[in-house]
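Structure first, commentary second.
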Amino acid sequence: MANEQQKGVGSPVTLRERYLIYPGSALPDLATPSAQAFHAEDRRDQAKVVFALVARPGFPVRINALRALKGVECAGLMTLLEWGVVDWPPANRKVMVLVYARPLGGRVTASLTTEFKCVEEVDAVRKIVNPVVAALKALKAASLTHRAIRPTNMFWASAAKDRIVLGDCATVPPAYEQPALIEPIESAMTHASGRGAGTSADDVYAFGASLAILLQGMSPVPSLDDEAVIRQKIVQGSYGVLIGDARMPLPMIEILRGTLCDDAHERWDNEALELWLHGRRLSPLVAKIEKRAARGFAFNNTEYFTSRELAIAMARHWEAAAPFVLDGRVELWLRRSLDNKEKANAVATAVQAAGADADKRGAADILVSKVCMILDGRAPIRYKGLAVMPDGFGSLLALAMVEGRDLRIIAEALMRETTRAWFETRDAYNPDNSVLEAHIRAQKVFLDRGTIGNGVERVLYELNEAMPCISPLTVDSYVLELRDLLPALNASAKKAEGKGWPVDRHVAAFVAARTNFDIERQMSDLALPDPARSVLGMLNLLATIQWRVGQGGLYGLAAWTAALMAPVINGFHGREKRRELEKEAVRIAREGSLVELSRLLDNPEDRHLDQQGFEEARAEWVAAQREILDIEAGRVQKGEAVRTAQQVAALVSVTIAFITVTLLLIAKVL
Amino acid sequence: MAKTPTKGRSAPVAQMQPVKQRTANRLLILLTMIAFIPFSLPTLLVMFCGLLPTLVAALLERGDNRYAWICVGGLNFSGLAPWLFTLWFGHHELSYAIQEITGLTMLLTSFGAAALGWLLYLAMPPVVTTVLSATSQRRAIVLAAQQRKLVEQWGEEVVVRIEDPAREDGS
């Protein structure tokens with residue numbers, strides 16, 4: 001029994017002063033591919049059996065799911081009791097931890113490719129359908145999607161194995177760990193990290209696929225890889241691949257056909273599932289197979305008969321696709337062989353638009369991308385090997401950055417507005433798309449700027465609400481919110497040892513994306529090439545955050561920042577003023593106040609007085625220099641001396657005359 | 001439009017007023033002297049002849065600083081003064097005045113004194129230049145010290161490169 005073995009090993013880590021998590025007691029049976037599981041205890045209720053999942057460092061968790069699902073008790077969901085960031089000794093850093101009520105019956109199956117005990121058809125409704133439908137209902141009420149519904153993420157809620165619960169869905173991006181077999185075709189085509197939150201229709205499909213596997217006791221196609229599965233699904237339809245020739249009772253065929261319908265619009269929704277549960281029998285959906293062309297389209301030594309297959313091939317052989325599109329062969333094939341005038345006209349319009357573009361190379365890339373969207377209207381955005389849903393750009397970028405992959409293609413796809421083309425090629429207008437499109441379009445501005453506080457880092461934090469700041473300075477502190485930033489930088493001050501700035505591109509981008517107050521001036525100063533202005537911009541930015549967040553005692557960070565202020569202090573001309581500022585900056589740094597440091601060094605009055613004094617000193621120096629030059633050149637002696645000498649001579653002469661007259665007068669009178 | 005001509009006229013008018021005033025003053029002095037001629041003709045005659053070097057110096061001197069005629073005039077008058085006093089306190093008569101001016105002694109004395117005045121006027125500048133030169137060197141040292149202090153207080157940025165206009169002209 002699960003709760004019999006439980007006694008934590010080693011020193012526990014405490015989450016919110018309630019849950020004790022034991023890093024020494026791993027629970028591999030409850031782990032997910034990306035999150036390790038550990039034994040945990042509830043200090044308030046020792047009888048409660050709980051466990052903790054530790055999210056992989058750097059991975060953005062689904063914070064909206066965490067917020068919405070905390071405390072939600074649902075028959076089909078593992079109850080999320082608490083979540084938060086804790087110091088994690090094994091990793092020597094902070095990590096995101098989720099505490100769940102522990103399912104006591106263990107995992108339903110650890111693998112899809114090995115045989116396991118199948119669920120009997122008579123028990124399927126009670127054990128699987130009922131709880132999952134309840135879970136889907138709860139998720140829909142919370143405006144969430146699960147995107148991790150698969151047999152390997154299902155657990156028996158009790159030791160009696162009478163009901164399953166869906167496992168964690170928040171430690172990784174949506175559908176990140178879903179195999180292609182479980183996902184709808186369009187999602188399966190997408191890169192695992194770029195699938196996006198999707199819709200509840202995706203969850204319904206994953207449920208249907210999981211149900212099909214649980215009823216059969218293993219994957220019906222264990223030997224096929226993901227690409228082959230997708231191809232099979234396109235050719236045969238999902239139902240055909242997942243059920244094949246297996247014998248199912250009629251009610252099960254009904255629900256499986258409804259949930260595994262490849263057209264998301266026709267796929268069963270929660271209401272249909274509930275109706276089915278209540279005994280209302282709906283007419284089974286007939287799988288729609290892709291329309292086949294009368295003649296195949298020869299591309300890359302292969303003949304393709306459906307537009308969807310051709311789109312996949314073109315996306316895979318990107319460089320070879322453009323000539324086929326530009327010379328009109330694709331349009332002609334769509335018009336004549338596939339008899340699809342709408343798609344043919346759309347391709348013709350796209351080709352025409354590409355011809356007008358001055359950037360031929362870029363135009364060809366966006367043209368192929370558009371044509372792929374036209375050929376397969378449900379497929380993700382495909383661009384130079386990239387396959388991503390519009391709402392999956394954030395998580396795709398996040399994982400690419402965390403894993404150190406090349407970001408250029410992702411940035412290029414955003415810059416070339418592939419999302420706009422994707423939205424333009426949708427069959428029906430969806431108001432939600434406008435919001436998403438505007439949000440993604442706004443990222444182009446940040447990419448265009450490229451300065452510190454913008455660029456791809458800014459896009460990362462703008463598109464991922466739950467992305468912790470992954471600057472080397474803060475990555476160990478798991479900075480999720482702005483109020484965590486300064487303490488994290490303060491903690492890394494010792495490690496930095498004065499090397500570099502506390503605000504690097506990631507920190508700046510994180511701040512710009514997370515602040516809800518005006519920091520435009522500080523950010524633009526920070527991006528200036530002048531080191532004095534730039535470093536002052538950095539100080540003002542940090543000071544503004546400290547002031548707004550109201551954190552004091554940042555001794556390490558203040559000392560670190562003060563040590564970087566040499567260009568600002570040297571910006572003052574007066575040497576006495578410089579010495580005074582240096583002394584004062586050290587004193588303020590000891591108080592840990594960035595606000596006071598900013599007030600000291602960014603004082604316009606001081607600066608004005610210094611400038612005024614400097615100009616006066618310079619004028620004085622110039623006047624002295626001119627006088628010295630005059631003296632050296634003898635100009636003063638010549639002019640002044642001659643005039644003075646003449647004056648003296650005149651004075652002597654007049655004096656002699658006066659004395660003479662006086663003496664003569666005295667002589668005559670006496 | 002209306003103000004400009006008024007301004008244009010007022011400036012020359014203001015400049016012309018002192019010139020007019022000076023001319024009037026000179027005319028007044030001349031008339032006064034003419035009025036005195038009948039009563040002091042002997043004095044005027046002696047003074048005219050005796051102070052001829054001063055008159056020549058005053059007429060020949062040009063420029064803003066006219067000190068030569070004062071220098072010459074002072075000693076010239078000192079040389080002439082004994083004869084003038086004899087005239088004023090003894091025989092203030094035209095015949096005596098003529099006798100004096102035709103004699104060699106008075107002219108020699110007054111002209112010699114005037115020559116001493118010229119000598120003084122010419123000899124004084126080298127003497128004063130020597131004195132001023134010594135003073136200027138000390139002034140240059142004081143100024144250089146003042147500049148050093150400015151550099152200490154404000155740094156090298158306070159130093160401005162100034163071209164010596166005399167050198168520029170020379171080159």
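Residue names in the structure tokens use chain letters A, B, ... in the order shown, residue numbers from 1 in each chain, and ligand numbers from 1 in the order shown.
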Q | DSSP helix (DSSP H, G or I) residues within segment 37-243 of chain A, as a ChimeraX atom specification | A | /A:63-69,121-141,151-153,185-189,192-194,200-216,226-236,238-242
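Excluding segment 108-117 of chain B itself and same-chain residues fewer than 2 positions from it, the residues having an atom within 9 Å of it are Ala649, Ala650 and Ser653 of chain A; Gly50, Leu51, Leu52, Pro53, Thr54, Ala68, Trp69, Ile70, Cys71, Val72, Gly73, Gly74, Leu75, Asn76, Phe77, Ser78, Gly79, Leu80, Ala81, Leu104, Thr105, Met106, Leu119, Leu120, Tyr121 and Leu122 of chain B, counting only C-alpha atoms.
Note that the spacing between atom CA of Val595 of chain A and atom CA of Leu554 of chain A amounts to 10.6 Å.
Within 7 Å of chain B, and using only C-alpha atoms, the residues found on chain A are His573, Gly574, Arg575, Glu576, Phe614, Ala617, Arg618, Trp621, Val622, Ala624, Ile628, Leu629, Ile631, Gln637, Ala641, Val642, Ala645, Gln646, Gln647, Ala649, Ala650, Ser653, Val654, Ile656, Ala657, Thr660, Val661 and Leu664 of chain A.
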Output file for the residues above (C-alpha atoms, as a short mmCIF file (atom, residue, chain, number, x, y, z; two decimals), in the first residue's frame):
```
data_model
loop_
_atom_site.label_atom_id
_atom_site.label_comp_id
_atom_site.auth_asym_id
_atom_site.auth_seq_id
_atom_site.Cartn_x
_atom_site.Cartn_y
_atom_site.Cartn_z
CA HIS A 573 33.62 67.82 -13.70
CA GLY A 574 34.37 68.98 -10.19
CA ARG A 575 36.99 66.78 -8.54
CA GLU A 576 35.80 67.70 -5.10
CA PHE A 614 32.89 74.05 -14.96
CA ALA A 617 36.35 77.66 -14.55
CA ARG A 618 36.97 77.09 -18.22
CA TRP A 621 41.34 79.35 -17.57
CA VAL A 622 40.93 80.77 -21.06
CA ALA A 624 44.42 83.46 -17.87
CA ILE A 628 49.88 84.57 -20.41
CA LEU A 629 50.14 84.43 -24.19
CA ILE A 631 52.77 88.47 -21.72
CA GLN A 637 54.81 95.56 -22.58
CA ALA A 641 54.63 100.33 -21.28
CA VAL A 642 54.86 103.01 -23.95
CA ALA A 645 56.04 105.88 -19.97
CA GLN A 646 54.53 108.79 -21.92
CA GLN A 647 52.13 109.48 -19.09
CA ALA A 649 57.11 111.76 -18.77
CA ALA A 650 54.20 114.17 -19.12
CA SER A 653 57.34 117.64 -17.10
CA VAL A 654 54.21 119.26 -15.69
CA ILE A 656 58.80 120.51 -13.05
CA ALA A 657 56.83 123.36 -14.61
CA THR A 660 59.48 126.25 -11.35
CA VAL A 661 56.47 128.57 -11.43
CA LEU A 664 59.68 131.93 -9.20
#
```
Q. Which value, in Å to one decimal, gives the distance between atom CA of Arg416 of chain A and atom CA of Ser369 of chain A?
A. 10.4 Å
